[in-house]
Amino acid sequence: MATTQDAALQMRRKSAEFWEASSTALLSGEWGYDETNRVVKIGDGYSLWSDLPVFMTATATGDLPAQIREQLAANLGDPSTPEGAAVADSAAGIPFNAATGLYTPASGRPIPSLDEGSNQLPDAVRTTLAANLANPAAPEGAAVAGAASALPTVPVSAGSRAKLITYGHSFLAEQGLTDASHYWARRLATALGLTYPTSDGGAANDLKRAVGGTTIDNALGRVAGGALPWVPGTKALVVLETLINSARLNGATAIDITSATNNARSMMAILGASEIIEDTDPRIVKSATTWQRGTGAFLGGSAVFSSAAGSYFEYTVPADRDVFIATIGRGAGTAGAIVDITDQTSGAALATGLDLSNTSITSAVVYVYRTPASTRGHTVRFTKTGGTSLYIDAVLPVSPTPPPVLWMKEPHLLNYAASTSFPNGSDAVLDAFNAIVDQMAAEFPNLIVADPNQLGYWDKNTDILTSDQVHPNDKGHLDLARAGHDAVRAWQARKALSLI
């Protein structure tokens, strides 16, 4: 019967001084241990100790063990270690150019440094990086071009009239890129298989209704009137990006937030209406007082008003839906009407002394009031009880099938003072205005919110054009498109699962 015996194997072990002085080579395969430096060497039968390599294992990919790499990294950053001292000594004599922010060694390429205040690379380096990002031939540009494949390309179906329509500022008005197909709204349309920016048989670019320098009240004016107003029943995904200039105009003052919120609600009411019942429609009943017509940024380009005390208008709400009643709000030092809103059928007071002054930062803008569900089938009346003229602009019945509206929140900027027209703002100010989008989503179930400031999308350090420090570069537009695409797909999934 075989027996098993335990045995201990000891290799030759000596001090570093002994091994360095030894004139005897280790046998082939013989192990020797340096007790001073704690290293192992394996003999080859003829090489002296000093000529033998240190024995060290590696991973299958050739990497050193993680523990050794971690210690080496720590040593490189510690000038008290041999590795760290060598790094410090080699860097100490490298000249530094304060103008460019580059260290310039005698040989090799310049080494950039970070600005202590902003932690930014030098402007020259950032300018080159921005140019490379826009150049598909450069490694950085190739990476961006490759990342673009993350968005699918869906061909527009034959005969399809499904469109993408944009209202907003310069990020949608397409400024700054050399390749127009890379603007974020175009990328989104391509990924969703929607017609953009030209409509079938329509005028060139009649779907791109964004204009550079637009504030939210400007965008509302274009949705309500202008050359290309919204037409109820249009089969489209409406894309809005409207808040960044409003936020940077005066900052997040109380009246600016109030104005933007009222404008956002009016815009969503128009986009979600089944029809636009103009002030001349006989379904809107007016008092026998004198009514005059005014023109401006109103639905249909005009609205009627009465200055007489006690003047009123009323409308009978359908039994199956709510309506938004569009009147005119005032601001910028212009006083508005004071009104009472009543349910004439039940006699209930819906609002008393509603002051339409200080509802906007502009002198006149569309202001909407949503009738409560309790007034369905009832007649609702607006009565002037004070202030200036009472306006009736339109009635907007809520559509049971409103179009989806994608509202892109504004991405944070690196330098809010870069624009002379809109020099104010901060990340916190933008967040205050972006919160309006969330508020509208709670009021309008057809609103899809895209937030590029979520982790994994917009990066204000790499997504902005160096030339103006405001508009997105190629990567920035891609990141906005990804945020929009993911928001639409998530909304579609929730809708398919009956979660909305």
# chains A, B, ... in the order shown; residues from 1 in each chain; ligands from 1

call {"tool": "select_by_dssp", "arguments": {"residues": "stretch 364-428 of chain A", "states": "helix (DSSP H, G or I)", "output": "PyMOL selection string"}}
result
chain A and resi 373-375+427-428

call {"tool": "write_last_selection", "arguments": {"atoms": "C-alpha atoms", "output": "mmCIF file, in the first residue's frame"}}
result
data_model
loop_
_atom_site.group_PDB
_atom_site.id
_atom_site.type_symbol
_atom_site.label_atom_id
_atom_site.label_comp_id
_atom_site.auth_asym_id
_atom_site.auth_seq_id
_atom_site.Cartn_x
_atom_site.Cartn_y
_atom_site.Cartn_z
ATOM 1 C CA ALA A 373 -64.166 68.888 -15.791
ATOM 2 C CA SER A 374 -67.149 70.011 -13.695
ATOM 3 C CA THR A 375 -68.081 72.506 -16.451
ATOM 4 C CA ASP A 427 -26.762 75.788 -14.503
ATOM 5 C CA ALA A 428 -29.156 76.567 -11.625
#

call {"tool": "residues_around", "arguments": {"residues": "stretch 436-443 of chain A", "least_positions_apart": "2", "cutoff": "9 Å", "atoms": "only C-alpha atoms", "output": "list in words"}}
result
Ile257, Ala260, Thr261, Ala264, Arg265, Met268, Trp407, Met408, Lys409, Asp431, Ala432, Phe433, Asn434, Pro445, Asn446, Leu447, Ile448 and Val449 of chain A

call {"tool": "residues_around", "arguments": {"residues": "stretch 5-22 of chain A", "least_positions_apart": "3", "cutoff": "7 Å", "atoms": "only C-alpha atoms", "output": "list in words"}}
result
Trp31, Gly32, Tyr33, Asp34, Glu35, Thr36, Asn37, Trp49 and Ser50 of chain A

call {"tool": "atom_distance", "arguments": {"atom1": "atom CA of A:Ala308", "atom2": "atom CA of A:Asn358"}}
result
21.2 Å

call {"tool": "select_by_dssp", "arguments": {"residues": "stretch 224-426 of chain A", "states": "strand (DSSP E or B)", "output": "JSON, numbers by chain"}}
result
{"A": [236, 237, 238, 239, 240, 241, 273, 277, 278, 285, 286, 292, 293, 294, 295, 302, 303, 304, 305, 306, 312, 313, 314, 315, 316, 323, 324, 325, 326, 327, 328, 329, 330, 331, 337, 338, 339, 340, 341, 342, 343, 349, 350, 351, 352, 353, 354, 355, 360, 364, 365, 366, 367, 368, 369, 370, 379, 380, 381, 382, 383, 384, 385, 386, 387, 390, 391, 392, 394, 395, 396, 397, 398, 405, 406, 407, 408]}

call {"tool": "closest_residue", "arguments": {"among": "A:Gln344, A:Gly272, A:Glu174, A:Asp393", "to": "A:Thr327", "atoms": "only C-alpha atoms"}}
result
A:Asp393

call {"tool": "closest_residue", "arguments": {"among": "A:Leu390, A:Val339, A:Asn415, A:Pro372", "to": "A:Trp291", "atoms": "only C-alpha atoms"}}
result
A:Leu390

call {"tool": "residues_around", "arguments": {"residues": "A:Thr128", "least_positions_apart": "6", "cutoff": "12 Å", "atoms": "only C-alpha atoms", "output": "number ranges by chain"}}
result
A: 121-122, 134-135, 138, 140-141, 462, 465-467

call {"tool": "write_last_selection", "arguments": {"atoms": "N, CA, C and O atoms", "output": "mmCIF file, in the first residue's frame"}}
result
data_model
loop_
_atom_site.group_PDB
_atom_site.id
_atom_site.type_symbol
_atom_site.label_atom_id
_atom_site.label_comp_id
_atom_site.auth_asym_id
_atom_site.auth_seq_id
_atom_site.Cartn_x
_atom_site.Cartn_y
_atom_site.Cartn_z
ATOM 1 N N LEU A 121 -8.268 72.212 -20.197
ATOM 2 C CA LEU A 121 -7.044 72.180 -20.987
ATOM 3 C C LEU A 121 -6.818 73.550 -21.626
ATOM 4 O O LEU A 121 -7.758 74.348 -21.740
ATOM 5 N N PRO A 122 -5.607 73.849 -22.067
ATOM 6 C CA PRO A 122 -5.347 75.142 -22.720
ATOM 7 C C PRO A 122 -6.245 75.351 -23.939
ATOM 8 O O PRO A 122 -6.664 74.388 -24.593
ATOM 9 N N ALA A 134 -14.814 67.330 -35.223
ATOM 10 C CA ALA A 134 -15.634 67.598 -36.401
ATOM 11 C C ALA A 134 -15.055 66.988 -37.677
ATOM 12 O O ALA A 134 -15.682 67.044 -38.727
ATOM 13 N N ASN A 135 -13.854 66.408 -37.589
ATOM 14 C CA ASN A 135 -13.170 65.867 -38.761
ATOM 15 C C ASN A 135 -13.167 64.340 -38.708
ATOM 16 O O ASN A 135 -12.440 63.742 -37.914
ATOM 17 N N ALA A 138 -9.869 62.431 -38.444
ATOM 18 C CA ALA A 138 -9.103 62.418 -37.199
ATOM 19 C C ALA A 138 -9.623 61.309 -36.288
ATOM 20 O O ALA A 138 -10.798 60.929 -36.375
ATOM 21 N N GLU A 140 -10.449 61.392 -33.200
ATOM 22 C CA GLU A 140 -11.587 61.859 -32.402
ATOM 23 C C GLU A 140 -12.859 61.929 -33.255
ATOM 24 O O GLU A 140 -13.938 61.514 -32.828
ATOM 25 N N GLY A 141 -12.716 62.489 -34.470
ATOM 26 C CA GLY A 141 -13.865 62.589 -35.362
ATOM 27 C C GLY A 141 -14.378 61.231 -35.796
ATOM 28 O O GLY A 141 -15.588 61.026 -35.942
ATOM 29 N N THR A 462 -17.248 69.160 -23.652
ATOM 30 C CA THR A 462 -16.822 68.657 -24.966
ATOM 31 C C THR A 462 -17.860 68.847 -26.058
ATOM 32 O O THR A 462 -17.573 68.572 -27.218
ATOM 33 N N LEU A 465 -19.323 74.328 -29.345
ATOM 34 C CA LEU A 465 -18.376 74.884 -30.311
ATOM 35 C C LEU A 465 -17.395 75.829 -29.611
ATOM 36 O O LEU A 465 -17.809 76.739 -28.883
ATOM 37 N N THR A 466 -16.109 75.628 -29.836
ATOM 38 C CA THR A 466 -15.104 76.504 -29.253
ATOM 39 C C THR A 466 -15.230 77.919 -29.803
ATOM 40 O O THR A 466 -14.965 78.898 -29.104
ATOM 41 N N SER A 467 -15.687 78.050 -31.047
ATOM 42 C CA SER A 467 -15.728 79.356 -31.699
ATOM 43 C C SER A 467 -16.671 80.329 -31.012
ATOM 44 O O SER A 467 -16.394 81.532 -30.963
#
